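> Here you go, one structure.
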Amino acid sequence: MPKERTLVLIKPDGVMKKIIGEIFSRFERKGLRIAAIKMLNVSIETAERHYSVHKGKPFYGGLIDYITSGPVVAMVLEGSDAVAVVRKMVGTTDGAKAEPGTIRGDFAMSINFNTVHASDSVESANYEMPIFFTEKEILDYEMPDKDFI
Ligand code: CMP
């Protein structure tokens, strides 16, 4: 499997639910390498860039309002097939329908306040990562257990 990088955002409801550590822990224990972390207030410009694919959809305005409403934790995760692995761990978009055991299935009850965002393809990841991180902020280092992952 090719090594991939993907962008994950812990949305404002995830921060307010005090599960930042829980979410990082799940990804770490799975064997994904954390290549970058940042906490920030997302500007309207950044939100519009990040969610440009949803422009014109009925939920777009609310989505921009929500993601800019409070602190967000952004991260880049790396690993084999990372985009699909992370999407599986995150669960389906609507928290009420997401499988128990997934992040949304365990911590979210709605489609709007669904706790996390994760890139849905390698192309999306390559579009989204530079919105939140410079190349220098995405660190290249080896984990001691890399031979077992
Ligand atoms: P996210 O993965 O951040 O990508 C776009 C977000 O739009 C999505 O999670 C949801 O929180 C939100 N959203 C609201 N309504 C819908 C919808 N009908 N379909 C997809 N996404 C929606």
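If you're wondering about the labels, chains in the structure tokens are A, B, ... by order shown, residues count from 1 in each chain, ligands from 1 in order shown.
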Within 10 Å of ligand 1, counting only C-alpha atoms and all ligand atoms: which residues, as a PDB file with N, CA and C atoms, in the first residue's frame?


```
ATOM      1  N   VAL A   8      -6.916  16.050   8.766  1.00  0.00           N
ATOM      2  CA  VAL A   8      -8.042  15.888   9.694  1.00  0.00           C
ATOM      3  C   VAL A   8      -8.218  17.189  10.464  1.00  0.00           C
ATOM      4  N   LEU A   9      -9.477  17.608  10.627  1.00  0.00           N
ATOM      5  CA  LEU A   9      -9.797  18.746  11.491  1.00  0.00           C
ATOM      6  C   LEU A   9     -10.661  18.240  12.632  1.00  0.00           C
ATOM      7  N   ILE A  10     -10.296  18.592  13.863  1.00  0.00           N
ATOM      8  CA  ILE A  10     -11.221  18.414  14.985  1.00  0.00           C
ATOM      9  C   ILE A  10     -12.026  19.707  15.037  1.00  0.00           C
ATOM     10  N   LYS A  11     -13.317  19.597  14.774  1.00  0.00           N
ATOM     11  CA  LYS A  11     -14.167  20.783  14.646  1.00  0.00           C
ATOM     12  C   LYS A  11     -14.495  21.368  16.024  1.00  0.00           C
ATOM     13  N   HIS A  50     -11.270  25.917   2.009  1.00  0.00           N
ATOM     14  CA  HIS A  50     -11.320  24.507   2.410  1.00  0.00           C
ATOM     15  C   HIS A  50     -12.592  23.821   1.911  1.00  0.00           C
ATOM     16  N   TYR A  51     -13.716  24.531   2.006  1.00  0.00           N
ATOM     17  CA  TYR A  51     -15.009  23.930   1.638  1.00  0.00           C
ATOM     18  C   TYR A  51     -15.508  24.410   0.277  1.00  0.00           C
ATOM     19  N   SER A  52     -14.607  24.814  -0.606  1.00  0.00           N
ATOM     20  CA  SER A  52     -15.036  25.381  -1.905  1.00  0.00           C
ATOM     21  C   SER A  52     -15.879  24.395  -2.721  1.00  0.00           C
ATOM     22  N   VAL A  53     -15.635  23.098  -2.552  1.00  0.00           N
ATOM     23  CA  VAL A  53     -16.388  22.083  -3.301  1.00  0.00           C
ATOM     24  C   VAL A  53     -17.875  22.085  -2.907  1.00  0.00           C
ATOM     25  N   HIS A  54     -18.184  22.617  -1.728  1.00  0.00           N
ATOM     26  CA  HIS A  54     -19.581  22.625  -1.269  1.00  0.00           C
ATOM     27  C   HIS A  54     -20.288  23.950  -1.566  1.00  0.00           C
ATOM     28  N   LYS A  57     -24.230  24.676  -2.170  1.00  0.00           N
ATOM     29  CA  LYS A  57     -25.113  23.674  -1.557  1.00  0.00           C
ATOM     30  C   LYS A  57     -25.899  24.326  -0.412  1.00  0.00           C
ATOM     31  N   PRO A  58     -27.080  23.787  -0.097  1.00  0.00           N
ATOM     32  CA  PRO A  58     -27.928  24.428   0.912  1.00  0.00           C
ATOM     33  C   PRO A  58     -27.262  24.571   2.285  1.00  0.00           C
ATOM     34  N   PHE A  59     -26.356  23.658   2.609  1.00  0.00           N
ATOM     35  CA  PHE A  59     -25.748  23.696   3.942  1.00  0.00           C
ATOM     36  C   PHE A  59     -24.459  24.520   3.992  1.00  0.00           C
ATOM     37  N   TYR A  60     -24.066  25.102   2.838  1.00  0.00           N
ATOM     38  CA  TYR A  60     -22.762  25.770   2.752  1.00  0.00           C
ATOM     39  C   TYR A  60     -22.617  26.929   3.757  1.00  0.00           C
ATOM     40  N   GLY A  61     -23.623  27.811   3.814  1.00  0.00           N
ATOM     41  CA  GLY A  61     -23.552  28.982   4.703  1.00  0.00           C
ATOM     42  C   GLY A  61     -23.380  28.564   6.147  1.00  0.00           C
ATOM     43  N   GLY A  62     -24.190  27.597   6.568  1.00  0.00           N
ATOM     44  CA  GLY A  62     -24.123  27.112   7.946  1.00  0.00           C
ATOM     45  C   GLY A  62     -22.787  26.452   8.243  1.00  0.00           C
ATOM     46  N   LEU A  63     -22.257  25.766   7.250  1.00  0.00           N
ATOM     47  CA  LEU A  63     -20.972  25.078   7.398  1.00  0.00           C
ATOM     48  C   LEU A  63     -19.835  26.090   7.632  1.00  0.00           C
ATOM     49  N   ILE A  64     -19.848  27.164   6.843  1.00  0.00           N
ATOM     50  CA  ILE A  64     -18.822  28.211   6.999  1.00  0.00           C
ATOM     51  C   ILE A  64     -18.980  28.891   8.366  1.00  0.00           C
ATOM     52  N   TYR A  66     -20.241  27.651  11.038  1.00  0.00           N
ATOM     53  CA  TYR A  66     -19.897  26.728  12.113  1.00  0.00           C
ATOM     54  C   TYR A  66     -18.380  26.544  12.259  1.00  0.00           C
ATOM     55  N   ILE A  67     -17.699  26.313  11.154  1.00  0.00           N
ATOM     56  CA  ILE A  67     -16.264  25.995  11.239  1.00  0.00           C
ATOM     57  C   ILE A  67     -15.449  27.224  11.677  1.00  0.00           C
ATOM     58  N   ARG A  87     -10.739   7.743   7.015  1.00  0.00           N
ATOM     59  CA  ARG A  87     -12.176   7.906   6.741  1.00  0.00           C
ATOM     60  C   ARG A  87     -12.985   6.810   7.430  1.00  0.00           C
ATOM     61  N   VAL A  90     -13.205   7.580  11.062  1.00  0.00           N
ATOM     62  CA  VAL A  90     -14.047   8.763  11.313  1.00  0.00           C
ATOM     63  C   VAL A  90     -15.530   8.395  11.212  1.00  0.00           C
ATOM     64  N   GLY A  91     -15.884   7.530  10.268  1.00  0.00           N
ATOM     65  CA  GLY A  91     -17.280   7.113  10.120  1.00  0.00           C
ATOM     66  C   GLY A  91     -18.045   7.996   9.142  1.00  0.00           C
ATOM     67  N   THR A  92     -19.279   7.568   8.854  1.00  0.00           N
ATOM     68  CA  THR A  92     -20.076   8.272   7.853  1.00  0.00           C
ATOM     69  C   THR A  92     -20.463   9.681   8.334  1.00  0.00           C
ATOM     70  N   THR A  93     -20.783  10.572   7.369  1.00  0.00           N
ATOM     71  CA  THR A  93     -20.917  12.009   7.655  1.00  0.00           C
ATOM     72  C   THR A  93     -21.889  12.338   8.793  1.00  0.00           C
ATOM     73  N   ASP A  94     -23.028  11.687   8.804  1.00  0.00           N
ATOM     74  CA  ASP A  94     -24.055  11.991   9.811  1.00  0.00           C
ATOM     75  C   ASP A  94     -23.767  11.206  11.095  1.00  0.00           C
ATOM     76  N   GLY A  95     -23.445  11.931  12.146  1.00  0.00           N
ATOM     77  CA  GLY A  95     -23.106  11.282  13.418  1.00  0.00           C
ATOM     78  C   GLY A  95     -24.176  10.329  13.912  1.00  0.00           C
ATOM     79  N   SER A 110     -25.167  14.529  15.004  1.00  0.00           N
ATOM     80  CA  SER A 110     -25.763  15.270  13.891  1.00  0.00           C
ATOM     81  C   SER A 110     -24.823  15.309  12.696  1.00  0.00           C
ATOM     82  N   ILE A 111     -25.360  15.803  11.588  1.00  0.00           N
ATOM     83  CA  ILE A 111     -24.544  15.912  10.371  1.00  0.00           C
ATOM     84  C   ILE A 111     -23.727  17.207  10.384  1.00  0.00           C
ATOM     85  N   ASN A 112     -24.265  18.230  11.040  1.00  0.00           N
ATOM     86  CA  ASN A 112     -23.574  19.527  11.054  1.00  0.00           C
ATOM     87  C   ASN A 112     -22.455  19.548  12.091  1.00  0.00           C
ATOM     88  N   PHE A 113     -22.766  19.074  13.290  1.00  0.00           N
ATOM     89  CA  PHE A 113     -21.770  19.055  14.373  1.00  0.00           C
ATOM     90  C   PHE A 113     -21.223  17.631  14.437  1.00  0.00           C
ATOM     91  N   ASN A 114     -20.430  17.288  13.420  1.00  0.00           N
ATOM     92  CA  ASN A 114     -20.011  15.889  13.307  1.00  0.00           C
ATOM     93  C   ASN A 114     -18.559  15.664  13.735  1.00  0.00           C
ATOM     94  N   THR A 115     -18.055  16.583  14.575  1.00  0.00           N
ATOM     95  CA  THR A 115     -16.829  16.406  15.369  1.00  0.00           C
ATOM     96  C   THR A 115     -15.516  16.453  14.591  1.00  0.00           C
ATOM     97  N   VAL A 116     -15.466  15.810  13.436  1.00  0.00           N
ATOM     98  CA  VAL A 116     -14.221  15.793  12.668  1.00  0.00           C
ATOM     99  C   VAL A 116     -14.490  15.917  11.175  1.00  0.00           C
ATOM    100  N   HIS A 117     -13.484  16.434  10.491  1.00  0.00           N
ATOM    101  CA  HIS A 117     -13.450  16.397   9.028  1.00  0.00           C
ATOM    102  C   HIS A 117     -12.223  15.590   8.638  1.00  0.00           C
ATOM    103  N   ALA A 118     -12.341  14.779   7.592  1.00  0.00           N
ATOM    104  CA  ALA A 118     -11.169  14.069   7.064  1.00  0.00           C
ATOM    105  C   ALA A 118     -11.229  14.102   5.543  1.00  0.00           C
ATOM    106  N   SER A 119     -10.099  14.310   4.908  1.00  0.00           N
ATOM    107  CA  SER A 119     -10.041  14.360   3.441  1.00  0.00           C
ATOM    108  C   SER A 119     -10.651  13.099   2.851  1.00  0.00           C
ATOM    109  N   ASP A 120     -11.421  13.263   1.748  1.00  0.00           N
ATOM    110  CA  ASP A 120     -12.112  12.090   1.185  1.00  0.00           C
ATOM    111  C   ASP A 120     -11.355  11.415   0.045  1.00  0.00           C
TER     112      ASP A 120
END
```

> Would you please give, as a list of chain:residue names, all residues of stretch 56-147 of chain A that DSSP assigns to strand (DSSP E) based on the backbone?

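Selecting the strand (DSSP E) positions of stretch 56-147 of chain A gives A:Val72, A:Val73, A:Ala74, A:Met75, A:Val76, A:Leu77, A:Glu78, A:Gly79, A:Ser80, A:Val116, A:His117, A:Ala118.
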
> From a DSSP pass on the backbone, collect the residues of stretch 52-90 of chain A flagged as alpha helix (DSSP H) and hand them back as a VMD selection string.

chain A and resid 60 to 67 82 to 90

> The selected residues should be written to file as a short mmCIF file (atom, residue, chain, number, x, y, z; two decimals), in the first residue's frame (atoms: all heavy atoms).


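Output below, filename out_10.cif:
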```
data_model
loop_
_atom_site.label_atom_id
_atom_site.label_comp_id
_atom_site.auth_asym_id
_atom_site.auth_seq_id
_atom_site.Cartn_x
_atom_site.Cartn_y
_atom_site.Cartn_z
N TYR A 60 -24.07 25.10 2.84
CA TYR A 60 -22.76 25.77 2.75
C TYR A 60 -22.62 26.93 3.76
O TYR A 60 -21.62 27.02 4.47
CB TYR A 60 -22.53 26.27 1.32
CG TYR A 60 -21.24 27.02 1.13
CD1 TYR A 60 -20.01 26.37 1.09
CD2 TYR A 60 -21.24 28.42 1.00
CE1 TYR A 60 -18.83 27.06 0.92
CE2 TYR A 60 -20.05 29.13 0.82
CZ TYR A 60 -18.86 28.44 0.78
OH TYR A 60 -17.69 29.14 0.62
N GLY A 61 -23.62 27.81 3.81
CA GLY A 61 -23.55 28.98 4.70
C GLY A 61 -23.38 28.56 6.15
O GLY A 61 -22.52 29.09 6.87
N GLY A 62 -24.19 27.60 6.57
CA GLY A 62 -24.12 27.11 7.95
C GLY A 62 -22.79 26.45 8.24
O GLY A 62 -22.24 26.58 9.34
N LEU A 63 -22.26 25.77 7.25
CA LEU A 63 -20.97 25.08 7.40
C LEU A 63 -19.83 26.09 7.63
O LEU A 63 -19.00 25.90 8.53
CB LEU A 63 -20.72 24.26 6.12
CG LEU A 63 -19.47 23.42 6.00
CD1 LEU A 63 -19.37 22.39 7.11
CD2 LEU A 63 -19.44 22.73 4.65
N ILE A 64 -19.85 27.16 6.84
CA ILE A 64 -18.82 28.21 7.00
C ILE A 64 -18.98 28.89 8.37
O ILE A 64 -18.00 29.11 9.08
CB ILE A 64 -18.91 29.26 5.85
CG1 ILE A 64 -18.70 28.58 4.49
CG2 ILE A 64 -17.92 30.41 6.07
CD1 ILE A 64 -17.35 27.94 4.28
N ASP A 65 -20.23 29.21 8.73
CA ASP A 65 -20.48 29.85 10.04
C ASP A 65 -19.97 28.95 11.16
O ASP A 65 -19.34 29.41 12.11
CB ASP A 65 -21.99 30.05 10.26
CG ASP A 65 -22.52 31.22 9.45
OD1 ASP A 65 -21.69 31.97 8.87
OD2 ASP A 65 -23.75 31.36 9.36
N TYR A 66 -20.24 27.65 11.04
CA TYR A 66 -19.90 26.73 12.11
C TYR A 66 -18.38 26.54 12.26
O TYR A 66 -17.83 26.63 13.37
CB TYR A 66 -20.58 25.37 11.90
CG TYR A 66 -20.07 24.36 12.87
CD1 TYR A 66 -20.11 24.63 14.24
CD2 TYR A 66 -19.49 23.19 12.44
CE1 TYR A 66 -19.59 23.74 15.15
CE2 TYR A 66 -18.97 22.29 13.35
CZ TYR A 66 -19.01 22.57 14.69
OH TYR A 66 -18.47 21.70 15.60
N ILE A 67 -17.70 26.31 11.15
CA ILE A 67 -16.26 25.99 11.24
C ILE A 67 -15.45 27.22 11.68
O ILE A 67 -14.32 27.09 12.16
CB ILE A 67 -15.74 25.38 9.91
CG1 ILE A 67 -14.49 24.53 10.13
CG2 ILE A 67 -15.50 26.44 8.85
CD1 ILE A 67 -14.68 23.23 10.82
N ALA A 82 -3.59 5.90 4.11
CA ALA A 82 -4.07 6.73 5.23
C ALA A 82 -5.42 7.38 4.96
O ALA A 82 -6.24 7.49 5.87
CB ALA A 82 -3.03 7.79 5.58
N VAL A 83 -5.69 7.79 3.73
CA VAL A 83 -6.95 8.49 3.45
C VAL A 83 -8.13 7.57 3.77
O VAL A 83 -9.04 7.94 4.52
CB VAL A 83 -7.02 8.98 1.98
CG1 VAL A 83 -8.41 9.49 1.63
CG2 VAL A 83 -5.98 10.07 1.74
N ALA A 84 -8.10 6.35 3.24
CA ALA A 84 -9.21 5.41 3.45
C ALA A 84 -9.26 4.93 4.90
O ALA A 84 -10.34 4.81 5.49
CB ALA A 84 -9.08 4.22 2.51
N VAL A 85 -8.11 4.68 5.49
CA VAL A 85 -8.07 4.20 6.89
C VAL A 85 -8.69 5.24 7.82
O VAL A 85 -9.52 4.93 8.68
CB VAL A 85 -6.61 3.87 7.31
CG1 VAL A 85 -6.50 3.65 8.81
CG2 VAL A 85 -6.09 2.64 6.55
N VAL A 86 -8.30 6.50 7.63
CA VAL A 86 -8.80 7.56 8.49
C VAL A 86 -10.30 7.77 8.27
O VAL A 86 -11.07 7.93 9.23
CB VAL A 86 -8.00 8.87 8.29
CG1 VAL A 86 -8.67 10.05 8.98
CG2 VAL A 86 -6.58 8.70 8.81
N ARG A 87 -10.74 7.74 7.01
CA ARG A 87 -12.18 7.91 6.74
C ARG A 87 -12.98 6.81 7.43
O ARG A 87 -14.07 7.05 7.95
CB ARG A 87 -12.44 7.86 5.24
CG ARG A 87 -11.91 9.06 4.50
CD ARG A 87 -12.81 10.25 4.57
NE ARG A 87 -14.04 10.09 3.82
CZ ARG A 87 -14.93 11.05 3.66
NH1 ARG A 87 -14.74 12.24 4.21
NH2 ARG A 87 -16.02 10.83 2.97
N LYS A 88 -12.45 5.61 7.43
CA LYS A 88 -13.13 4.49 8.09
C LYS A 88 -13.21 4.72 9.61
O LYS A 88 -14.24 4.47 10.23
CB LYS A 88 -12.36 3.19 7.80
CG LYS A 88 -13.20 1.97 7.89
CD LYS A 88 -12.51 0.79 7.23
CE LYS A 88 -13.45 -0.40 7.22
NZ LYS A 88 -12.86 -1.57 6.64
N MET A 89 -12.12 5.22 10.17
CA MET A 89 -12.10 5.48 11.62
C MET A 89 -13.03 6.63 11.99
O MET A 89 -13.57 6.68 13.10
CB MET A 89 -10.68 5.81 12.08
CG MET A 89 -9.72 4.64 12.00
SD MET A 89 -8.05 5.12 12.46
CE MET A 89 -8.21 5.28 14.24
N VAL A 90 -13.20 7.58 11.06
CA VAL A 90 -14.05 8.76 11.31
C VAL A 90 -15.53 8.39 11.21
O VAL A 90 -16.35 8.89 11.97
CB VAL A 90 -13.66 9.88 10.31
CG1 VAL A 90 -14.75 10.94 10.21
CG2 VAL A 90 -12.34 10.53 10.75
#
```

> Taking into account only C-alpha atoms, which residue in the set A:Leu32, A:Leu40, A:Ala108, A:Ile149 is nearest to A:Gly79?

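Using only C-alpha atoms, A:Gly79 sits closest to A:Leu32.
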
> Using only C-alpha atoms, which residue out of A:Ile37, A:Arg49, A:Met143, A:Val72 lies closest to A:Phe24?

A:Ile37

> Leaving out A:Ile34 and any residue of its chain fewer than 2 positions from it, which residues lie within 12 Å of it when counting only C-alpha atoms, given as an MDAnalysis selection string?

chainID A and resid 4:8 23:32 36:38 74:79 82 137:143

> Could you please take those selected residues and save N, CA, C and O atoms as a tab-separated table (two decimals), in the first residue's frame?


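Below you can see part-v3.tsv, which holds the result:
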```tsv
chain	number	residue	atom	x	y	z
A	4	GLU	N	0.45	7.50	2.33
A	4	GLU	CA	-0.35	8.69	2.00
A	4	GLU	C	-0.37	9.64	3.20
A	4	GLU	O	-0.17	9.23	4.33
A	5	ARG	N	-0.70	10.90	2.88
A	5	ARG	CA	-0.95	11.88	3.94
A	5	ARG	C	-2.37	12.39	3.79
A	5	ARG	O	-2.88	12.52	2.67
A	6	THR	N	-3.00	12.67	4.92
A	6	THR	CA	-4.38	13.16	4.88
A	6	THR	C	-4.58	14.24	5.93
A	6	THR	O	-3.88	14.29	6.93
A	7	LEU	N	-5.55	15.13	5.67
A	7	LEU	CA	-5.84	16.22	6.61
A	7	LEU	C	-7.06	15.86	7.46
A	7	LEU	O	-8.09	15.44	6.94
A	8	VAL	N	-6.92	16.05	8.77
A	8	VAL	CA	-8.04	15.89	9.69
A	8	VAL	C	-8.22	17.19	10.46
A	8	VAL	O	-7.24	17.81	10.89
A	23	ILE	N	-9.17	11.65	20.40
A	23	ILE	CA	-9.09	11.52	18.94
A	23	ILE	C	-7.63	11.28	18.51
A	23	ILE	O	-7.34	10.38	17.72
A	24	PHE	N	-6.71	12.07	19.06
A	24	PHE	CA	-5.29	11.84	18.73
A	24	PHE	C	-4.88	10.43	19.13
A	24	PHE	O	-4.16	9.74	18.41
A	25	SER	N	-5.35	10.00	20.30
A	25	SER	CA	-4.97	8.69	20.81
A	25	SER	C	-5.42	7.58	19.87
A	25	SER	O	-4.67	6.63	19.60
A	26	ARG	N	-6.64	7.69	19.34
A	26	ARG	CA	-7.12	6.66	18.41
A	26	ARG	C	-6.22	6.56	17.18
A	26	ARG	O	-5.88	5.47	16.73
A	27	PHE	N	-5.87	7.73	16.63
A	27	PHE	CA	-5.02	7.71	15.43
A	27	PHE	C	-3.62	7.19	15.75
A	27	PHE	O	-3.03	6.43	14.97
A	28	GLU	N	-3.08	7.61	16.89
A	28	GLU	CA	-1.74	7.14	17.27
A	28	GLU	C	-1.71	5.63	17.48
A	28	GLU	O	-0.83	4.93	16.99
A	29	ARG	N	-2.70	5.14	18.22
A	29	ARG	CA	-2.73	3.70	18.54
A	29	ARG	C	-2.93	2.86	17.29
A	29	ARG	O	-2.48	1.73	17.20
A	30	LYS	N	-3.63	3.43	16.30
A	30	LYS	CA	-3.85	2.71	15.05
A	30	LYS	C	-2.55	2.49	14.29
A	30	LYS	O	-2.39	1.54	13.53
A	31	GLY	N	-1.59	3.43	14.49
A	31	GLY	CA	-0.32	3.32	13.78
A	31	GLY	C	-0.11	4.39	12.74
A	31	GLY	O	0.80	4.30	11.92
A	32	LEU	N	-0.98	5.42	12.79
A	32	LEU	CA	-0.77	6.55	11.88
A	32	LEU	C	0.28	7.48	12.49
A	32	LEU	O	0.32	7.65	13.72
A	36	ALA	N	1.86	16.67	11.49
A	36	ALA	CA	1.68	18.10	11.79
A	36	ALA	C	0.46	18.28	12.68
A	36	ALA	O	-0.51	17.53	12.57
A	37	ILE	N	0.54	19.27	13.55
A	37	ILE	CA	-0.58	19.63	14.44
A	37	ILE	C	-0.64	21.15	14.56
A	37	ILE	O	0.40	21.81	14.67
A	38	LYS	N	-1.86	21.68	14.60
A	38	LYS	CA	-2.04	23.13	14.81
A	38	LYS	C	-3.43	23.38	15.39
A	38	LYS	O	-4.39	22.76	14.94
A	74	ALA	N	-6.15	21.20	13.66
A	74	ALA	CA	-5.82	20.62	12.35
A	74	ALA	C	-4.63	19.69	12.51
A	74	ALA	O	-3.73	19.95	13.31
A	75	MET	N	-4.65	18.61	11.76
A	75	MET	CA	-3.50	17.69	11.79
A	75	MET	C	-3.29	17.05	10.42
A	75	MET	O	-4.24	16.95	9.63
A	76	VAL	N	-2.05	16.65	10.18
A	76	VAL	CA	-1.75	15.82	9.02
A	76	VAL	C	-1.34	14.46	9.54
A	76	VAL	O	-0.47	14.36	10.43
A	77	LEU	N	-2.01	13.41	9.06
A	77	LEU	CA	-1.68	12.04	9.46
A	77	LEU	C	-1.08	11.32	8.27
A	77	LEU	O	-1.50	11.56	7.12
A	78	GLU	N	-0.12	10.44	8.54
A	78	GLU	CA	0.55	9.73	7.46
A	78	GLU	C	0.56	8.23	7.74
A	78	GLU	O	0.71	7.80	8.89
A	79	GLY	N	0.41	7.46	6.69
A	79	GLY	CA	0.49	6.01	6.81
A	79	GLY	C	0.07	5.33	5.52
A	79	GLY	O	-0.39	6.00	4.59
A	82	ALA	N	-3.59	5.90	4.11
A	82	ALA	CA	-4.07	6.73	5.23
A	82	ALA	C	-5.42	7.38	4.96
A	82	ALA	O	-6.24	7.49	5.87
A	137	GLU	N	6.02	22.89	7.97
A	137	GLU	CA	5.29	22.50	9.18
A	137	GLU	C	4.89	21.02	9.17
A	137	GLU	O	4.43	20.50	10.19
A	138	ILE	N	5.01	20.39	8.03
A	138	ILE	CA	4.69	18.96	7.93
A	138	ILE	C	6.00	18.18	8.08
A	138	ILE	O	6.87	18.22	7.21
A	139	LEU	N	6.15	17.52	9.23
A	139	LEU	CA	7.46	16.97	9.61
A	139	LEU	C	7.65	15.54	9.11
A	139	LEU	O	6.75	14.71	9.18
A	140	ASP	N	8.87	15.31	8.68
A	140	ASP	CA	9.26	14.00	8.18
A	140	ASP	C	10.17	13.37	9.23
A	140	ASP	O	11.28	13.83	9.43
A	141	TYR	N	9.70	12.40	9.96
A	141	TYR	CA	10.55	11.71	10.95
A	141	TYR	C	10.10	10.27	11.03
A	141	TYR	O	9.01	9.93	10.56
A	142	GLU	N	10.94	9.42	11.60
A	142	GLU	CA	10.60	7.99	11.66
A	142	GLU	C	10.16	7.59	13.05
A	142	GLU	O	10.73	8.02	14.04
A	143	MET	N	9.13	6.74	13.11
A	143	MET	CA	8.68	6.19	14.39
A	143	MET	C	9.48	4.92	14.68
A	143	MET	O	9.85	4.19	13.76
```

> Can you measure atom CA of A:Pro12 to atom CA of A:Asn41 for me? One decimal in Å is fine.

9.3 Å
